[in-house]
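The file query_32.cif comes next; it holds mmCIF, C-alpha atoms.
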data_query
#
loop_
_atom_site.label_atom_id
_atom_site.label_comp_id
_atom_site.auth_asym_id
_atom_site.auth_seq_id
_atom_site.Cartn_x
_atom_site.Cartn_y
_atom_site.Cartn_z
CA MET A 113 11.02 188.43 101.32
CA LYS A 114 10.73 184.68 101.67
CA LYS A 115 10.32 183.19 105.12
CA LYS A 116 12.94 180.60 106.05
CA VAL A 117 11.73 177.16 107.13
CA LEU A 118 13.96 174.35 108.38
CA ILE A 119 12.81 170.77 107.69
CA SER A 120 14.54 168.69 110.38
CA ILE A 121 14.84 164.97 109.58
CA PRO A 122 16.33 162.72 112.32
CA SER A 123 17.63 159.60 110.58
CA TYR A 124 18.92 156.28 111.81
CA SER A 125 19.81 153.70 109.13
CA GLU A 126 17.41 155.11 106.53
CA GLU A 127 19.55 154.84 103.39
CA GLU A 128 16.65 153.49 101.29
CA ASN A 129 14.36 156.36 102.27
CA VAL A 130 16.64 159.37 101.73
CA PHE A 131 15.88 160.01 98.04
CA PRO A 132 12.17 158.99 98.16
CA LEU A 133 11.60 161.30 101.14
CA TYR A 134 13.25 164.27 99.45
CA GLN A 135 11.29 163.66 96.25
CA ALA A 136 8.02 163.47 98.21
CA LEU A 137 8.87 166.68 100.08
CA ASP A 138 9.86 168.46 96.86
CA GLU A 139 6.60 167.48 95.14
CA ALA A 140 4.49 168.49 98.14
CA LEU A 141 6.19 171.87 98.65
CA CYS A 142 6.83 173.00 95.07
CA SER A 143 3.63 175.08 95.11
CA VAL A 144 4.93 177.29 97.96
CA TYR A 145 8.55 177.71 96.89
CA ASP A 146 7.71 181.27 95.87
CA ARG A 147 6.83 182.15 99.50
CA TYR A 148 9.24 180.05 101.56
CA GLU A 149 12.89 179.10 101.46
CA PHE A 150 13.28 175.54 102.74
CA GLU A 151 16.41 173.93 104.11
CA PHE A 152 16.24 170.14 104.37
CA LEU A 153 18.43 169.08 107.30
CA PHE A 154 19.19 165.39 107.69
CA ILE A 155 20.52 164.49 111.14
CA ASN A 156 22.41 161.20 111.02
CA ASP A 157 22.06 159.56 114.42
CA GLY A 158 24.93 157.07 114.20
CA SER A 159 23.52 155.03 111.33
CA THR A 160 25.03 151.62 110.65
CA ASP A 161 24.27 151.68 106.93
CA HIS A 162 25.08 154.15 104.14
CA THR A 163 22.70 156.93 105.18
CA VAL A 164 25.48 159.55 105.22
CA GLU A 165 26.66 158.58 101.76
CA LYS A 166 23.12 158.77 100.39
CA VAL A 167 22.58 162.23 101.87
CA MET A 168 25.92 163.36 100.42
CA GLU A 169 24.75 162.15 97.00
CA LEU A 170 21.51 164.06 97.49
CA MET A 171 23.47 167.21 98.37
CA GLU A 172 25.14 167.04 94.94
CA PHE A 173 21.69 166.95 93.41
CA SER A 174 20.06 169.64 95.58
CA PRO A 175 21.80 172.71 97.06
CA TYR A 176 19.06 173.00 99.71
CA VAL A 177 20.03 169.83 101.60
CA SER A 178 22.29 169.97 104.67
CA LEU A 179 23.64 167.26 106.96
CA ILE A 180 24.63 166.91 110.60
CA ASP A 181 26.53 163.69 111.27
CA LEU A 182 26.49 162.92 115.00
CA SER A 183 29.48 161.10 116.49
CA ARG A 184 27.37 158.10 117.56
CA ASN A 185 23.79 156.94 118.09
CA TYR A 186 22.31 159.20 120.79
CA GLY A 187 18.64 158.42 120.15
CA LYS A 188 15.91 160.34 118.38
CA GLU A 189 15.27 162.74 121.26
CA THR A 190 18.86 164.01 121.16
CA ALA A 191 18.91 164.06 117.35
CA MET A 192 15.90 166.37 117.40
CA ALA A 193 17.72 168.59 119.91
CA ALA A 194 20.57 168.88 117.40
CA GLY A 195 18.01 170.19 114.91
CA PHE A 196 16.78 172.75 117.45
CA ASP A 197 20.35 173.92 118.06
CA TYR A 198 21.05 174.23 114.33
CA PHE A 199 17.93 176.34 113.83
CA ASN A 200 18.31 179.93 112.61
CA HIS A 201 15.10 180.28 110.64
CA ASP A 202 11.53 181.53 111.01
CA ALA A 203 9.97 178.09 111.62
CA LEU A 204 11.02 174.47 112.06
CA ILE A 205 9.24 171.31 110.95
CA THR A 206 10.31 167.92 112.28
CA ILE A 207 9.41 164.89 110.16
CA ASP A 208 10.43 161.23 110.27
CA ALA A 209 12.58 159.81 107.49
CA ASP A 210 10.46 156.69 106.94
CA LEU A 211 7.64 158.46 105.02
CA GLN A 212 5.00 157.55 107.59
CA HIS A 213 4.34 161.28 107.91
CA PRO A 214 2.67 162.58 104.71
CA PRO A 215 4.63 165.59 103.39
CA ALA A 216 1.45 167.13 101.95
CA THR A 217 0.35 167.89 105.52
CA ILE A 218 3.10 170.51 105.73
CA ILE A 219 1.10 172.88 103.50
CA GLU A 220 -1.74 172.89 106.05
CA MET A 221 0.80 173.42 108.84
CA LEU A 222 2.19 176.49 107.08
CA ASN A 223 -1.29 177.92 106.58
CA LEU A 224 -2.11 177.59 110.28
CA TRP A 225 1.26 179.07 111.20
CA GLU A 226 0.47 182.11 109.05
CA GLN A 227 -2.76 182.47 111.06
CA GLY A 228 -0.74 182.99 114.23
CA TYR A 229 -0.34 179.50 115.71
CA GLU A 230 3.12 178.79 117.10
CA ASP A 231 2.91 175.02 117.57
CA VAL A 232 1.04 173.15 114.84
CA TYR A 233 1.14 169.48 115.77
CA ALA A 234 -0.03 166.57 113.66
CA LYS A 235 -2.31 164.11 115.41
CA ARG A 236 -2.54 160.56 114.10
CA ASN A 237 -6.05 159.64 112.99
CA LYS A 238 -5.19 156.19 111.64
CA ARG A 239 -2.00 154.22 112.30
CA ASN A 240 -1.55 151.95 109.31
CA GLY A 241 0.95 149.13 109.65
CA GLU A 242 0.89 149.05 113.47
CA SER A 243 -0.31 146.14 115.55
CA TRP A 244 -3.34 146.21 117.86
CA PHE A 245 -0.99 145.73 120.82
CA LYS A 246 1.10 148.79 119.97
CA LYS A 247 -1.96 150.97 119.41
CA SER A 248 -3.55 149.85 122.69
CA THR A 249 -0.43 150.28 124.81
CA SER A 250 0.15 153.72 123.30
CA ARG A 251 -3.39 154.79 124.15
CA TRP A 252 -3.11 153.57 127.75
CA PHE A 253 0.31 155.19 128.17
CA TYR A 254 -1.06 158.62 127.27
CA LYS A 255 -3.98 158.14 129.64
CA VAL A 256 -1.64 157.25 132.53
CA LEU A 257 0.71 160.12 131.71
CA GLU A 258 -2.16 162.60 131.55
CA ALA A 259 -3.47 161.43 134.93
CA MET A 260 -0.04 161.90 136.50
CA SER A 261 0.99 165.17 134.91
CA ASP A 262 0.10 168.75 135.81
CA ALA A 263 0.73 169.91 132.23
CA PRO A 264 -1.62 168.90 129.39
CA VAL A 265 -0.74 165.71 127.50
CA LEU A 266 -1.52 165.56 123.79
CA ALA A 267 -2.52 161.98 122.97
CA ASP A 268 -1.48 160.59 119.56
CA ALA A 269 0.56 163.74 118.90
CA GLY A 270 4.07 162.83 117.88
CA ASP A 271 7.10 164.79 116.74
CA PHE A 272 5.64 165.68 113.34
CA ARG A 273 4.91 169.37 113.89
CA LEU A 274 5.71 172.92 112.95
CA LEU A 275 7.25 175.18 115.59
CA ASP A 276 7.53 178.93 115.41
CA LYS A 277 10.84 180.64 116.11
CA LYS A 278 9.73 181.56 119.64
CA ALA A 279 8.95 177.94 120.48
CA VAL A 280 12.25 176.64 119.08
CA GLU A 281 14.26 179.25 120.96
CA SER A 282 12.50 178.16 124.16
CA LEU A 283 13.38 174.52 123.50
CA GLN A 284 17.01 175.51 122.91
CA GLU A 285 17.18 176.65 126.53
CA LEU A 286 16.07 173.25 127.90
CA ARG A 287 19.31 171.28 128.13
CA GLU A 288 18.37 168.24 130.22
CA THR A 289 20.01 165.07 128.95
CA GLN A 290 17.11 162.79 129.92
CA ARG A 291 14.73 164.17 127.32
CA TYR A 292 11.09 163.49 126.58
CA THR A 293 10.44 166.04 123.85
CA LYS A 294 6.69 165.39 123.58
CA GLY A 295 6.43 166.55 127.19
CA LEU A 296 8.63 169.58 126.54
CA TYR A 297 6.32 170.72 123.74
CA SER A 298 3.47 170.95 126.24
CA TRP A 299 5.62 172.43 129.00
CA ILE A 300 6.77 175.47 126.99
CA GLY A 301 3.21 176.38 126.06
CA PHE A 302 2.54 178.81 123.17
CA LYS A 303 -0.47 178.82 120.84
CA LYS A 304 -1.15 175.26 119.75
CA VAL A 305 -3.47 173.74 117.19
CA ALA A 306 -3.89 170.17 115.99
CA ILE A 307 -4.34 168.77 112.51
CA GLU A 308 -5.15 165.14 111.80
CA PHE A 309 -3.44 162.81 109.38
CA ASP A 310 -3.39 159.11 108.51
CA ALA A 311 0.00 157.58 109.24
CA ASN A 312 1.35 155.52 106.34
CA GLU A 313 3.32 152.31 106.51
CA ARG A 314 7.08 152.53 106.27
CA LEU A 315 8.24 152.74 102.67
CA HIS A 316 11.48 150.78 103.23
CA GLY A 317 13.20 149.07 106.13
CA GLU A 318 11.91 148.01 109.51
CA THR A 319 10.81 150.10 112.45
CA LYS A 320 13.48 150.93 115.03
CA TRP A 321 10.90 150.87 117.83
CA ASN A 322 10.72 147.38 119.30
CA LEU A 323 8.97 146.48 122.56
CA GLY A 324 12.06 147.21 124.64
CA SER A 325 12.49 150.64 123.06
CA LEU A 326 8.85 151.51 123.65
CA ILE A 327 9.04 150.46 127.32
CA LYS A 328 12.19 152.54 127.74
CA LEU A 329 10.49 155.54 126.13
CA ALA A 330 7.46 155.10 128.41
CA ILE A 331 9.66 155.06 131.52
CA GLU A 332 11.57 158.05 130.15
CA GLY A 333 8.35 159.94 129.56
CA ILE A 334 6.89 159.30 133.01
CA THR A 335 10.07 159.94 135.02
CA SER A 336 11.20 162.93 132.92
CA TYR A 337 7.81 164.60 132.67
CA THR A 338 6.38 164.14 136.17
CA THR A 339 7.29 163.28 139.77
CA ALA A 340 3.97 161.47 140.27
CA PRO A 341 5.61 158.04 140.84
CA LEU A 342 7.35 159.45 143.92
CA LYS A 343 4.05 160.77 145.24
CA LEU A 344 2.28 157.49 144.50
CA SER A 345 5.01 155.62 146.35
CA MET A 346 4.53 157.88 149.37
CA TYR A 347 0.74 157.56 149.32
CA PHE A 348 0.97 153.80 148.95
CA GLY A 349 3.40 153.68 151.88
CA PHE A 350 0.91 155.58 154.06
CA LEU A 351 -1.89 153.24 152.98
CA VAL A 352 0.09 150.08 153.76
CA SER A 353 1.24 151.52 157.10
CA PHE A 354 -2.35 152.37 158.03
CA ALA A 355 -3.51 148.87 157.09
CA ALA A 356 -0.65 147.36 159.12
CA PHE A 357 -1.61 149.54 162.11
CA ILE A 358 -5.24 148.38 161.95
CA TYR A 359 -4.09 144.76 161.73
CA MET A 360 -1.81 145.30 164.74
CA ILE A 361 -4.72 146.61 166.81
CA TYR A 362 -6.79 143.60 165.74
CA VAL A 363 -4.08 141.16 166.77
CA LEU A 364 -3.58 142.92 170.11
CA ILE A 365 -7.27 142.88 171.00
CA LYS A 366 -7.60 139.26 169.89
CA THR A 367 -4.62 138.27 172.05
CA LEU A 368 -5.99 140.06 175.11
CA ILE A 369 -9.39 138.39 174.74
CA LEU A 370 -8.52 134.92 173.52
CA GLY A 371 -4.94 134.60 174.66
CA ALA A 372 -1.79 133.97 172.70
CA ASP A 373 -2.05 131.98 169.51
CA THR A 374 0.97 130.34 167.93
CA SER A 375 -0.74 130.00 164.55
CA GLY A 376 -0.45 132.65 161.84
CA PHE A 377 3.00 131.90 160.45
CA PRO A 378 1.77 131.80 156.79
CA SER A 379 -0.02 135.16 157.10
CA LEU A 380 3.07 136.63 158.82
CA MET A 381 5.31 135.52 155.95
CA ILE A 382 2.86 136.88 153.37
CA MET A 383 2.83 140.28 155.08
CA MET A 384 6.62 140.36 155.34
CA LEU A 385 7.08 139.48 151.69
CA PHE A 386 4.42 141.98 150.63
CA LEU A 387 5.94 144.81 152.63
CA GLY A 388 9.42 143.87 151.44
CA GLY A 389 8.25 144.00 147.82
CA CYS A 390 6.66 147.42 148.37
CA GLN A 391 9.90 148.70 149.86
CA LEU A 392 11.96 147.41 146.94
CA ILE A 393 9.60 149.04 144.43
CA SER A 394 9.78 152.35 146.28
CA ILE A 395 13.57 152.14 146.47
CA GLY A 396 13.67 151.40 142.74
CA ILE A 397 11.58 154.50 141.96
CA LEU A 398 13.81 156.62 144.17
CA GLY A 399 16.88 155.12 142.49
CA GLU A 400 15.54 155.99 139.03
CA TYR A 401 15.11 159.64 139.95
CA LEU A 402 18.39 159.76 141.86
CA GLY A 403 20.20 158.32 138.84
CA ARG A 404 18.77 161.08 136.68
CA VAL A 405 19.97 163.70 139.15
CA PHE A 406 23.44 162.10 139.03
CA ILE A 407 23.54 162.17 135.23
CA GLU A 408 22.31 165.76 135.02
CA SER A 409 24.83 166.91 137.66
CA LYS A 410 27.72 165.96 135.35
CA GLY A 411 26.78 168.76 132.97
CA ARG A 412 27.82 166.85 129.86
CA PRO A 413 26.93 168.15 126.37
CA LEU A 414 23.89 166.54 124.79
CA TYR A 415 25.87 165.28 121.79
CA PHE A 416 29.01 165.64 119.70
CA ILE A 417 29.13 166.22 115.96
CA GLU A 418 31.39 164.21 113.67
CA ASN A 419 30.83 166.46 110.64
CA LYS A 420 28.49 169.22 109.55
CA TYR A 421 27.80 169.87 105.88
CA ARG A 422 25.84 172.99 104.90
CA GLY A 423 23.86 173.03 101.66
CA LYS A 424 25.50 174.99 98.86
CA ALA A 425 22.56 177.39 98.66
CA PHE A 426 23.25 178.57 102.21
CA LEU A 427 27.00 179.13 102.05
CA ASP A 428 28.29 182.68 102.16
CA ASP A 429 31.10 181.86 99.78
CA LYS A 430 31.78 179.23 97.16
CA LYS A 431 33.91 177.04 99.39
CA ASP A 432 32.63 173.85 100.91
CA GLU A 433 31.88 174.19 104.59
CA ILE A 434 32.84 171.24 106.78
CA THR A 435 32.86 171.71 110.53
CA LYS A 436 34.32 169.03 112.71
#
Once more with this new file: its structure as structure tokens, please.
Amino acid sequence: MKKKVLISIPSYSEEENVFPLYQALDEALCSVYDRYEFEFLFINDGSTDHTVEKVMELMEFSPYVSLIDLSRNYGKETAMAAGFDYFNHDALITIDADLQHPPATIIEMLNLWEQGYEDVYAKRNKRNGESWFKKSTSRWFYKVLEAMSDAPVLADAGDFRLLDKKAVESLQELRETQRYTKGLYSWIGFKKVAIEFDANERLHGETKWNLGSLIKLAIEGITSYTTAPLKLSMYFGFLVSFAAFIYMIYVLIKTLILGADTSGFPSLMIMMLFLGGCQLISIGILGEYLGRVFIESKGRPLYFIENKYRGKAFLDDKKDEITK
């Protein structure tokens, strides 16, 4: 009996890449069609182009293509969660729609999965088409995150990976709205193994990850994955208070020995501004975490679905299935 594998493809304005991606996947996987039944799930994350229409055209061509059309743009993290929730297979593979992830790597993932690994993650060896600045900031981000976190951090490991059924079912139970999925992969554990690949340049279109998006993701990763900023704020507060106490003793002794001195206004202002800045930073960190608690306390669903279209090969009857 064939094992069922779900290929989850989060997509945001990728109309030009829909058909090329499917063709590349079909060519890469044709040699294992006798052992696995693949379902290609496109998850439209509120695209502003004709991505939905292109996937619908592809569904007429292939009965193994399905589509989840989210009600708006929720972001890639939530779109991947929709793929986890849809899952009812033996394994799940998440891959980007821009063809930067080579589909041929999936064969090696499947082989390692058959050997007993439950999380086969692809680690970027080369990052073609990315600037030196992006590569450097990414490297430093992972170093900072690893230093702050209690759980292991997998540098250069993205969302291109194969997850066993046990791992996906564990991720389904994690319902936080402020998601950093790369951290969740490490948090749930299971048997992991890495494979390396060379990331390609985008086939069509422009990257959706600008500087602002990357900064937001970095903040999301640090504040969602660890409470270290709160601890650092506390330690820094103790350090500044200790330094201020030493300075107070110095001023007191100097006054007792040499008498009062009216000078020192510039240094006083510098200390006040410095301490005020430290307080504002600490309050900002506390506010960030408090805001997340407020959002989580509402208990809202992660997303809403506009339409769901199941591939014809997976329908129990001959009628079209459309769930709103």
Report as a ChimeraX atom specification the full result of the PyMOL selection byres ((chain A and resi 282) around 12) when it is applied to this structure. /A:193,196-197,199,230,275-281,283-287,296-302
Could you tell me which residues the PyMOL selection byres ((chain A and resi 185) around 9) returns for this structure, as a PyMOL selection string? chain A and resi 124+156-159+182-184+186-188+191
Find the residues around Ser409 in chain A up to 12 Å (only C-alpha atoms counted), leave out those fewer than 5 positions away in its own chain, and share them as a list in words. Arg287, Glu288, Thr289, Gln290, Leu402, Gly403 and Arg404 of chain A
Please list as a PyMOL selection string every residue within 10 Å of range 160-171 of chain A, counting all atoms listed in the file and excluding residues in the same chain fewer than 5 positions away. chain A and resi 123-131+134+152-155+176-181+184-185+421-424
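Distance check against Cys142 in chain A using all atoms listed in the file: of A:Ile219, A:Asp202, A:Leu211, A:Ile119, the minimum falls on A:Ile219.
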Of the candidates A:Asp310, A:Glu149, A:Glu189, A:Glu220, which one gets nearest to Tyr415 in chain A if we count only C-alpha atoms?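 Distance minimum relative to Tyr415 in chain A lands on A:Glu189.
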Between CA of Phe173 in chain A and CA of Met221 in chain A - distance in Å to one decimal: 26.8 Å
The residue from A:Met113, A:Leu118, A:Leu387, A:Ala425 with the smallest atom-to-atom distance to Tyr198 in chain A, counting all atoms listed in the file, is A:Leu118
Taking the file as I've supplied it (selection: the PyMOL selection byres ((chain A and resi 222) around 12)), which residues are included? Please answer as a PDB file with C-alpha atoms, keeping the file's coordinate frame.
ATOM      1  CA  LYS A 115      10.320 183.190 105.120  1.00  0.00           C
ATOM      2  CA  LYS A 116      12.940 180.600 106.050  1.00  0.00           C
ATOM      3  CA  VAL A 117      11.730 177.160 107.130  1.00  0.00           C
ATOM      4  CA  LEU A 141       6.190 171.870  98.650  1.00  0.00           C
ATOM      5  CA  VAL A 144       4.930 177.290  97.960  1.00  0.00           C
ATOM      6  CA  ARG A 147       6.830 182.150  99.500  1.00  0.00           C
ATOM      7  CA  TYR A 148       9.240 180.050 101.560  1.00  0.00           C
ATOM      8  CA  PHE A 150      13.280 175.540 102.740  1.00  0.00           C
ATOM      9  CA  ASP A 202      11.530 181.530 111.010  1.00  0.00           C
ATOM     10  CA  ALA A 203       9.970 178.090 111.620  1.00  0.00           C
ATOM     11  CA  LEU A 204      11.020 174.470 112.060  1.00  0.00           C
ATOM     12  CA  ILE A 205       9.240 171.310 110.950  1.00  0.00           C
ATOM     13  CA  PRO A 215       4.630 165.590 103.390  1.00  0.00           C
ATOM     14  CA  ALA A 216       1.450 167.130 101.950  1.00  0.00           C
ATOM     15  CA  THR A 217       0.350 167.890 105.520  1.00  0.00           C
ATOM     16  CA  ILE A 218       3.100 170.510 105.730  1.00  0.00           C
ATOM     17  CA  ILE A 219       1.100 172.880 103.500  1.00  0.00           C
ATOM     18  CA  GLU A 220      -1.740 172.890 106.050  1.00  0.00           C
ATOM     19  CA  MET A 221       0.800 173.420 108.840  1.00  0.00           C
ATOM     20  CA  ASN A 223      -1.290 177.920 106.580  1.00  0.00           C
ATOM     21  CA  LEU A 224      -2.110 177.590 110.280  1.00  0.00           C
ATOM     22  CA  TRP A 225       1.260 179.070 111.200  1.00  0.00           C
ATOM     23  CA  GLU A 226       0.470 182.110 109.050  1.00  0.00           C
ATOM     24  CA  GLN A 227      -2.760 182.470 111.060  1.00  0.00           C
ATOM     25  CA  GLY A 228      -0.740 182.990 114.230  1.00  0.00           C
ATOM     26  CA  TYR A 229      -0.340 179.500 115.710  1.00  0.00           C
ATOM     27  CA  GLU A 230       3.120 178.790 117.100  1.00  0.00           C
ATOM     28  CA  ASP A 231       2.910 175.020 117.570  1.00  0.00           C
ATOM     29  CA  VAL A 232       1.040 173.150 114.840  1.00  0.00           C
ATOM     30  CA  TYR A 233       1.140 169.480 115.770  1.00  0.00           C
ATOM     31  CA  ARG A 273       4.910 169.370 113.890  1.00  0.00           C
ATOM     32  CA  LEU A 274       5.710 172.920 112.950  1.00  0.00           C
ATOM     33  CA  LEU A 275       7.250 175.180 115.590  1.00  0.00           C
ATOM     34  CA  ASP A 276       7.530 178.930 115.410  1.00  0.00           C
ATOM     35  CA  VAL A 305      -3.470 173.740 117.190  1.00  0.00           C
ATOM     36  CA  ILE A 307      -4.340 168.770 112.510  1.00  0.00           C
TER      37      ILE A 307
END
Nearest to Phe386 in chain A by atom-to-atom distance, counting all atoms listed in the file, from A:Ile407, A:Ala356, A:Tyr401, A:Lys304: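 Using all atoms listed in the file, the shortest distance to Phe386 in chain A belongs to A:Ala356.
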Of the residues A:Lys114, A:Phe406, A:Cys390, A:Ala355, which is the one nearest to Tyr145 in chain A, using all atoms listed in the file? A:Lys114
What are the centre and edge lengths in Å, to one decimal, of the axis-aligned box around all listed atoms of range 135-151 of chain A with 5 Å added on each side, as lines of an AutoDock Vina configuration file?
center_x = 10.0
center_y = 172.8
center_z = 99.6
size_x = 22.8
size_y = 28.7
size_z = 19.0
